[in-house]
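File shown here: input.cif, holding mmCIF, N, CA and C atoms.
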```
data_entry
loop_
_atom_site.label_atom_id
_atom_site.label_comp_id
_atom_site.auth_asym_id
_atom_site.auth_seq_id
_atom_site.Cartn_x
_atom_site.Cartn_y
_atom_site.Cartn_z
N MET A 26 -29.45 79.63 -48.77
CA MET A 26 -28.30 79.56 -47.90
C MET A 26 -28.45 80.60 -46.79
N GLU A 27 -28.20 80.15 -45.58
CA GLU A 27 -28.32 81.05 -44.43
C GLU A 27 -26.96 81.62 -44.08
N LEU A 28 -26.90 82.92 -43.94
CA LEU A 28 -25.64 83.55 -43.57
C LEU A 28 -25.45 83.56 -42.06
N PHE A 29 -26.55 83.67 -41.36
CA PHE A 29 -26.48 83.74 -39.90
C PHE A 29 -27.29 82.60 -39.30
N GLU A 30 -26.72 81.97 -38.28
CA GLU A 30 -27.43 80.91 -37.58
C GLU A 30 -28.35 81.51 -36.53
N SER A 31 -29.48 80.87 -36.33
CA SER A 31 -30.37 81.33 -35.28
C SER A 31 -29.82 80.86 -33.92
N ARG A 32 -30.27 81.48 -32.88
CA ARG A 32 -29.83 81.10 -31.52
C ARG A 32 -30.21 79.66 -31.20
N ARG A 33 -31.35 79.28 -31.69
CA ARG A 33 -31.83 77.92 -31.43
C ARG A 33 -30.88 76.89 -32.06
N LYS A 34 -30.47 77.12 -33.27
CA LYS A 34 -29.56 76.18 -33.94
C LYS A 34 -28.20 76.16 -33.25
N LYS A 35 -27.72 77.32 -32.78
CA LYS A 35 -26.44 77.36 -32.06
C LYS A 35 -26.53 76.55 -30.77
N PHE A 36 -27.65 76.73 -30.07
CA PHE A 36 -27.84 76.00 -28.82
C PHE A 36 -27.88 74.49 -29.07
N LEU A 37 -28.65 74.07 -30.08
CA LEU A 37 -28.75 72.64 -30.39
C LEU A 37 -27.41 72.06 -30.80
N ARG A 38 -26.64 72.79 -31.59
CA ARG A 38 -25.33 72.29 -32.01
C ARG A 38 -24.40 72.17 -30.80
N GLY A 39 -24.41 73.18 -29.92
CA GLY A 39 -23.59 73.12 -28.70
C GLY A 39 -24.00 71.99 -27.79
N PHE A 40 -25.31 71.78 -27.66
CA PHE A 40 -25.81 70.70 -26.82
C PHE A 40 -25.40 69.35 -27.38
N LEU A 41 -25.49 69.18 -28.69
CA LEU A 41 -25.11 67.91 -29.31
C LEU A 41 -23.62 67.64 -29.14
N LEU A 42 -22.81 68.67 -29.07
CA LEU A 42 -21.37 68.47 -28.84
C LEU A 42 -21.09 68.08 -27.38
N LEU A 43 -21.87 68.63 -26.46
CA LEU A 43 -21.66 68.35 -25.04
C LEU A 43 -22.40 67.11 -24.54
N PHE A 44 -23.33 66.60 -25.30
CA PHE A 44 -24.14 65.47 -24.87
C PHE A 44 -23.31 64.23 -24.48
N PRO A 45 -22.32 63.80 -25.29
CA PRO A 45 -21.52 62.64 -24.87
C PRO A 45 -20.76 62.87 -23.56
N VAL A 46 -20.29 64.08 -23.34
CA VAL A 46 -19.57 64.40 -22.10
C VAL A 46 -20.54 64.32 -20.92
N LEU A 47 -21.72 64.89 -21.07
CA LEU A 47 -22.71 64.84 -19.99
C LEU A 47 -23.14 63.40 -19.71
N LEU A 48 -23.27 62.61 -20.75
CA LEU A 48 -23.64 61.20 -20.58
C LEU A 48 -22.54 60.44 -19.84
N LEU A 49 -21.29 60.71 -20.15
CA LEU A 49 -20.17 60.06 -19.47
C LEU A 49 -20.13 60.45 -17.98
N ILE A 50 -20.35 61.72 -17.69
CA ILE A 50 -20.36 62.18 -16.30
C ILE A 50 -21.50 61.50 -15.52
N LEU A 51 -22.66 61.41 -16.13
CA LEU A 51 -23.80 60.76 -15.48
C LEU A 51 -23.50 59.28 -15.23
N ALA A 52 -22.89 58.60 -16.19
CA ALA A 52 -22.54 57.19 -16.01
C ALA A 52 -21.54 57.01 -14.87
N CYS A 53 -20.56 57.90 -14.78
CA CYS A 53 -19.57 57.82 -13.69
C CYS A 53 -20.22 58.03 -12.33
N ILE A 54 -21.13 58.99 -12.24
CA ILE A 54 -21.83 59.25 -10.97
C ILE A 54 -22.65 58.03 -10.54
N LEU A 55 -23.35 57.42 -11.49
CA LEU A 55 -24.15 56.24 -11.16
C LEU A 55 -23.26 55.07 -10.75
N PHE A 56 -22.12 54.91 -11.39
CA PHE A 56 -21.19 53.84 -11.05
C PHE A 56 -20.66 54.01 -9.63
N VAL A 57 -20.22 55.21 -9.29
CA VAL A 57 -19.68 55.47 -7.96
C VAL A 57 -20.76 55.28 -6.89
N ALA A 58 -21.98 55.73 -7.17
CA ALA A 58 -23.08 55.57 -6.22
C ALA A 58 -23.39 54.08 -6.00
N GLY A 59 -23.35 53.29 -7.07
CA GLY A 59 -23.60 51.85 -6.95
C GLY A 59 -22.54 51.14 -6.14
N ILE A 60 -21.29 51.47 -6.37
CA ILE A 60 -20.19 50.87 -5.62
C ILE A 60 -20.29 51.24 -4.14
N SER A 61 -20.60 52.49 -3.87
CA SER A 61 -20.73 52.95 -2.48
C SER A 61 -21.85 52.20 -1.76
N HIS A 62 -22.97 52.03 -2.43
CA HIS A 62 -24.11 51.34 -1.82
C HIS A 62 -23.77 49.88 -1.54
N THR A 63 -23.11 49.22 -2.48
CA THR A 63 -22.72 47.83 -2.31
C THR A 63 -21.73 47.67 -1.17
N SER A 64 -20.80 48.60 -1.05
CA SER A 64 -19.81 48.55 0.02
C SER A 64 -20.49 48.68 1.39
N GLY A 65 -21.46 49.56 1.48
CA GLY A 65 -22.20 49.72 2.74
C GLY A 65 -22.96 48.47 3.12
N GLN A 66 -23.54 47.79 2.13
CA GLN A 66 -24.27 46.56 2.40
C GLN A 66 -23.32 45.46 2.87
N ALA A 67 -22.15 45.39 2.27
CA ALA A 67 -21.17 44.37 2.66
C ALA A 67 -20.70 44.59 4.10
N LEU A 68 -20.48 45.85 4.47
CA LEU A 68 -20.07 46.15 5.83
C LEU A 68 -21.16 45.77 6.83
N GLN A 69 -22.41 46.03 6.48
CA GLN A 69 -23.53 45.68 7.36
C GLN A 69 -23.63 44.17 7.53
N LYS A 70 -23.44 43.42 6.45
CA LYS A 70 -23.50 41.95 6.55
C LYS A 70 -22.35 41.41 7.38
N GLU A 71 -21.18 42.01 7.23
CA GLU A 71 -20.02 41.59 8.03
C GLU A 71 -20.27 41.85 9.51
N GLN A 72 -20.87 42.99 9.81
CA GLN A 72 -21.19 43.34 11.20
C GLN A 72 -22.20 42.35 11.78
N ASP A 73 -23.24 42.03 11.03
CA ASP A 73 -24.25 41.08 11.51
C ASP A 73 -23.66 39.69 11.72
N ALA A 74 -22.80 39.26 10.79
CA ALA A 74 -22.18 37.94 10.90
C ALA A 74 -21.29 37.85 12.13
N LEU A 75 -20.53 38.90 12.41
CA LEU A 75 -19.65 38.91 13.58
C LEU A 75 -20.47 38.83 14.86
N GLU A 76 -21.54 39.60 14.92
CA GLU A 76 -22.38 39.59 16.13
C GLU A 76 -23.03 38.22 16.34
N LYS A 77 -23.55 37.61 15.29
CA LYS A 77 -24.16 36.28 15.40
C LYS A 77 -23.13 35.24 15.83
N THR A 78 -21.94 35.33 15.29
CA THR A 78 -20.88 34.38 15.64
C THR A 78 -20.49 34.50 17.10
N LEU A 79 -20.35 35.72 17.58
CA LEU A 79 -19.97 35.92 18.99
C LEU A 79 -21.06 35.40 19.94
N LYS A 80 -22.31 35.67 19.61
CA LYS A 80 -23.40 35.19 20.45
C LYS A 80 -23.49 33.67 20.43
N ALA A 81 -23.33 33.07 19.25
CA ALA A 81 -23.37 31.61 19.15
C ALA A 81 -22.20 30.98 19.91
N SER A 82 -21.06 31.62 19.89
CA SER A 82 -19.90 31.10 20.63
C SER A 82 -20.13 31.18 22.13
N ALA A 83 -20.77 32.25 22.58
CA ALA A 83 -21.07 32.36 24.01
C ALA A 83 -22.05 31.28 24.45
N VAL A 84 -23.06 31.03 23.62
CA VAL A 84 -24.04 29.99 23.94
C VAL A 84 -23.37 28.61 23.92
N ARG A 85 -22.48 28.39 22.96
CA ARG A 85 -21.77 27.10 22.87
C ARG A 85 -20.91 26.89 24.11
N THR A 86 -20.24 27.94 24.58
CA THR A 86 -19.43 27.83 25.80
C THR A 86 -20.31 27.47 27.00
N TYR A 87 -21.50 28.10 27.07
CA TYR A 87 -22.42 27.79 28.16
C TYR A 87 -22.88 26.33 28.10
N ALA A 88 -23.12 25.84 26.88
CA ALA A 88 -23.56 24.45 26.74
C ALA A 88 -22.47 23.46 27.16
N LEU A 89 -21.21 23.84 26.90
CA LEU A 89 -20.10 22.94 27.23
C LEU A 89 -19.64 23.03 28.68
N THR A 90 -19.65 24.23 29.26
CA THR A 90 -19.09 24.43 30.59
C THR A 90 -20.12 24.74 31.67
N GLY A 91 -21.32 25.14 31.28
CA GLY A 91 -22.34 25.48 32.27
C GLY A 91 -22.30 26.93 32.70
N GLU A 92 -21.41 27.73 32.12
CA GLU A 92 -21.39 29.17 32.42
C GLU A 92 -20.89 29.93 31.19
N TYR A 93 -21.34 31.17 31.09
CA TYR A 93 -20.96 32.00 29.95
C TYR A 93 -19.54 32.53 30.15
N PRO A 94 -18.84 32.86 29.06
CA PRO A 94 -17.48 33.39 29.18
C PRO A 94 -17.46 34.70 29.98
N GLU A 95 -16.38 34.91 30.71
CA GLU A 95 -16.26 36.11 31.54
C GLU A 95 -15.94 37.35 30.72
N ASP A 96 -15.20 37.17 29.62
CA ASP A 96 -14.85 38.33 28.80
C ASP A 96 -14.73 37.95 27.33
N LEU A 97 -14.64 38.96 26.50
CA LEU A 97 -14.58 38.75 25.05
C LEU A 97 -13.32 38.00 24.63
N SER A 98 -12.22 38.26 25.28
CA SER A 98 -10.96 37.62 24.88
C SER A 98 -11.04 36.09 25.01
N GLN A 99 -11.82 35.61 25.95
CA GLN A 99 -11.98 34.17 26.11
C GLN A 99 -12.68 33.57 24.88
N ILE A 100 -13.70 34.22 24.39
CA ILE A 100 -14.40 33.74 23.19
C ILE A 100 -13.47 33.79 21.99
N LEU A 101 -12.78 34.93 21.82
CA LEU A 101 -11.89 35.09 20.67
C LEU A 101 -10.78 34.04 20.68
N ARG A 102 -10.27 33.74 21.86
CA ARG A 102 -9.18 32.76 21.99
C ARG A 102 -9.70 31.33 21.78
N ASP A 103 -10.80 30.97 22.45
CA ASP A 103 -11.30 29.60 22.39
C ASP A 103 -11.82 29.20 21.00
N TYR A 104 -12.43 30.14 20.29
CA TYR A 104 -13.04 29.82 19.00
C TYR A 104 -12.27 30.39 17.82
N HIS A 105 -11.10 30.95 18.08
CA HIS A 105 -10.21 31.48 17.04
C HIS A 105 -10.94 32.47 16.12
N ILE A 106 -11.68 33.38 16.72
CA ILE A 106 -12.42 34.39 15.97
C ILE A 106 -11.53 35.63 15.84
N THR A 107 -11.46 36.14 14.63
CA THR A 107 -10.74 37.39 14.40
C THR A 107 -11.66 38.36 13.68
N TYR A 108 -11.42 39.64 13.88
CA TYR A 108 -12.19 40.67 13.19
C TYR A 108 -11.32 41.90 13.03
N ASP A 109 -11.69 42.75 12.13
CA ASP A 109 -10.92 43.96 11.83
C ASP A 109 -11.25 45.03 12.88
N LYS A 110 -10.31 45.27 13.77
CA LYS A 110 -10.54 46.23 14.86
C LYS A 110 -10.57 47.67 14.38
N SER A 111 -10.15 47.92 13.14
CA SER A 111 -10.25 49.27 12.60
C SER A 111 -11.64 49.52 12.02
N LYS A 112 -12.44 48.46 11.84
CA LYS A 112 -13.80 48.60 11.31
C LYS A 112 -14.87 48.51 12.39
N PHE A 113 -14.61 47.68 13.42
CA PHE A 113 -15.65 47.40 14.40
C PHE A 113 -15.13 47.52 15.83
N VAL A 114 -16.06 47.88 16.72
CA VAL A 114 -15.82 47.84 18.16
C VAL A 114 -16.83 46.84 18.72
N VAL A 115 -16.34 45.91 19.51
CA VAL A 115 -17.22 44.90 20.10
C VAL A 115 -17.39 45.24 21.58
N GLU A 116 -18.64 45.36 21.97
CA GLU A 116 -18.97 45.64 23.37
C GLU A 116 -19.49 44.34 23.99
N TYR A 117 -18.81 43.87 25.02
CA TYR A 117 -19.17 42.61 25.68
C TYR A 117 -19.41 42.92 27.14
N VAL A 118 -20.66 42.76 27.57
CA VAL A 118 -21.01 43.04 28.96
C VAL A 118 -21.56 41.76 29.59
N PRO A 119 -20.77 41.11 30.47
CA PRO A 119 -21.27 39.89 31.11
C PRO A 119 -22.38 40.22 32.11
N ASN A 120 -23.39 39.35 32.17
CA ASN A 120 -24.52 39.55 33.08
C ASN A 120 -24.57 38.48 34.16
N GLY A 121 -23.48 37.83 34.39
CA GLY A 121 -23.44 36.74 35.37
C GLY A 121 -23.08 35.46 34.66
N SER A 122 -22.81 34.42 35.44
CA SER A 122 -22.35 33.17 34.84
C SER A 122 -23.46 32.38 34.16
N ASN A 123 -24.72 32.67 34.52
CA ASN A 123 -25.81 31.90 33.93
C ASN A 123 -26.78 32.74 33.08
N LEU A 124 -26.41 33.99 32.78
CA LEU A 124 -27.23 34.85 31.92
C LEU A 124 -26.42 35.23 30.68
N LEU A 125 -27.10 35.21 29.53
CA LEU A 125 -26.44 35.54 28.27
C LEU A 125 -25.87 36.96 28.33
N PRO A 126 -24.59 37.12 28.02
CA PRO A 126 -24.00 38.45 28.04
C PRO A 126 -24.57 39.33 26.92
N SER A 127 -24.49 40.62 27.13
CA SER A 127 -24.91 41.58 26.11
C SER A 127 -23.74 41.79 25.16
N ILE A 128 -23.94 41.43 23.90
CA ILE A 128 -22.88 41.55 22.89
C ILE A 128 -23.38 42.48 21.79
N SER A 129 -22.63 43.56 21.55
CA SER A 129 -22.96 44.50 20.49
C SER A 129 -21.74 44.71 19.62
N VAL A 130 -21.96 44.77 18.32
CA VAL A 130 -20.90 45.07 17.37
C VAL A 130 -21.25 46.42 16.75
N ILE A 131 -20.34 47.36 16.89
CA ILE A 131 -20.58 48.72 16.41
C ILE A 131 -19.59 49.02 15.29
N ALA A 132 -20.12 49.43 14.14
CA ALA A 132 -19.26 49.77 13.00
C ALA A 132 -18.66 51.15 13.22
N LEU A 133 -17.37 51.28 12.95
CA LEU A 133 -16.71 52.57 13.11
C LEU A 133 -16.91 53.46 11.89
N SER A 134 -17.29 52.88 10.76
CA SER A 134 -17.50 53.66 9.54
C SER A 134 -18.82 54.39 9.63
N SER A 135 -18.86 55.63 9.13
CA SER A 135 -20.10 56.40 9.16
C SER A 135 -20.99 56.07 8.00
N SER A 136 -20.59 55.13 7.12
CA SER A 136 -21.38 54.81 5.94
C SER A 136 -22.57 53.90 6.25
N THR A 137 -22.56 53.23 7.42
CA THR A 137 -23.70 52.36 7.73
C THR A 137 -24.79 53.18 8.38
N LYS A 138 -26.02 52.79 8.12
CA LYS A 138 -27.16 53.49 8.70
C LYS A 138 -27.38 52.96 10.12
N GLY A 139 -27.53 53.84 11.06
CA GLY A 139 -27.75 53.42 12.44
C GLY A 139 -26.48 53.28 13.20
N GLY A 140 -25.45 52.69 12.63
CA GLY A 140 -24.15 52.61 13.26
C GLY A 140 -23.96 51.48 14.24
N SER A 141 -25.05 50.87 14.75
CA SER A 141 -24.85 49.80 15.73
C SER A 141 -25.95 48.79 15.59
N ALA A 142 -25.68 47.63 16.11
CA ALA A 142 -26.67 46.56 16.15
C ALA A 142 -26.63 45.94 17.52
N SER A 143 -27.80 45.64 18.08
CA SER A 143 -27.82 45.05 19.42
C SER A 143 -28.24 43.62 19.37
#
```

This structure in structure tokens:
Amino acid sequence: MELFESRRKKFLRGFLLLFPVLLLILACILFVAGISHTSGQALQKEQDALEKTLKASAVRTYALTGEYPEDLSQILRDYHITYDKSKFVVEYVPNGSNLLPSISVIALSSSTKGGSAS
């Protein structure tokens, strides 16, 4: 029978008591990191989809009327496009009636890498 525990046994017993807590903390960190990564990917896909839709709408207007829309509000109104203005800023620069306008969708969230798409 041992009257005194060695330091090694004390450490191992303490570690075994804390192991479930450390495992739970690690699982929570991995869960939050996974959710954050997925959210960033969803925002990037939403940004790309909005930009493609706006460009396709401008080309469709050109095919129907023979000239590109003069401003963004015309595209939004004619094709009933809506987007979350708290998430994105749309830059629409017309280059003339017969040249494709420059359309950029910029995410306002700092979670996306790069922050803009051209």

Compile the contact shell of region 67-77 of chain A as number ranges by chain: residues with an atom at most 6.5 Å away, counting only N, CA and C atoms, same-chain residues fewer than 4 positions apart removed. A: 62-63, 81-82, 128-130

Output N, CA and C atoms of each residue in that selection to a file, as an mmCIF file, in the coordinates of the input.
```cif
data_model
loop_
_atom_site.group_PDB
_atom_site.id
_atom_site.type_symbol
_atom_site.label_atom_id
_atom_site.label_comp_id
_atom_site.auth_asym_id
_atom_site.auth_seq_id
_atom_site.Cartn_x
_atom_site.Cartn_y
_atom_site.Cartn_z
ATOM 1 N N HIS A 62 -22.970 52.030 -2.430
ATOM 2 C CA HIS A 62 -24.110 51.340 -1.820
ATOM 3 C C HIS A 62 -23.770 49.880 -1.540
ATOM 4 N N THR A 63 -23.110 49.220 -2.480
ATOM 5 C CA THR A 63 -22.720 47.830 -2.310
ATOM 6 C C THR A 63 -21.730 47.670 -1.170
ATOM 7 N N ALA A 81 -23.330 33.070 19.250
ATOM 8 C CA ALA A 81 -23.370 31.610 19.150
ATOM 9 C C ALA A 81 -22.200 30.980 19.910
ATOM 10 N N SER A 82 -21.060 31.620 19.890
ATOM 11 C CA SER A 82 -19.900 31.100 20.630
ATOM 12 C C SER A 82 -20.130 31.180 22.130
ATOM 13 N N ILE A 128 -23.940 41.430 23.900
ATOM 14 C CA ILE A 128 -22.880 41.550 22.890
ATOM 15 C C ILE A 128 -23.380 42.480 21.790
ATOM 16 N N SER A 129 -22.630 43.560 21.550
ATOM 17 C CA SER A 129 -22.960 44.500 20.490
ATOM 18 C C SER A 129 -21.740 44.710 19.620
ATOM 19 N N VAL A 130 -21.960 44.770 18.320
ATOM 20 C CA VAL A 130 -20.900 45.070 17.370
ATOM 21 C C VAL A 130 -21.250 46.420 16.750
#
```

Length of the CA of Val84 (chain A) to CA of Gly65 (chain A) vector [Å]: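 One can read the CA of Val84 (chain A) to CA of Gly65 (chain A) distance as 29.0 Å.
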
Could you state which residues are captured by the PyMOL selection byres ((chain A and resi 83) around 8) in this file, as a PyMOL selection string? chain A and resi 77-82+84-89+92-94+100+125-126

Got a sec to tell me which of chain A DSSP assigns to strand (DSSP E or B), as JSON, numbers by chain? {"A": [113, 114, 115, 116, 117, 118, 127, 128, 129, 130, 131, 132, 141, 142]}

Which value, in Å to one decimal, gives the distance between CA of Ile131 (chain A) and CA of Val114 (chain A)? 5.1 Å

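In this model, the gap between CA of Lys112 (chain A) and CA of Ser61 (chain A) comes to 16.0 Å.
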
In chain A, what's helix (DSSP H, G or I) per DSSP? Answer as a ChimeraX atom specification? /A:32-90,97-103

Which of A:Lys34, A:Tyr117, A:Ser127, A:Ser64 sits closest to Gln99 (chain A) [using only C-alpha atoms]: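 Closest candidate: A:Tyr117.
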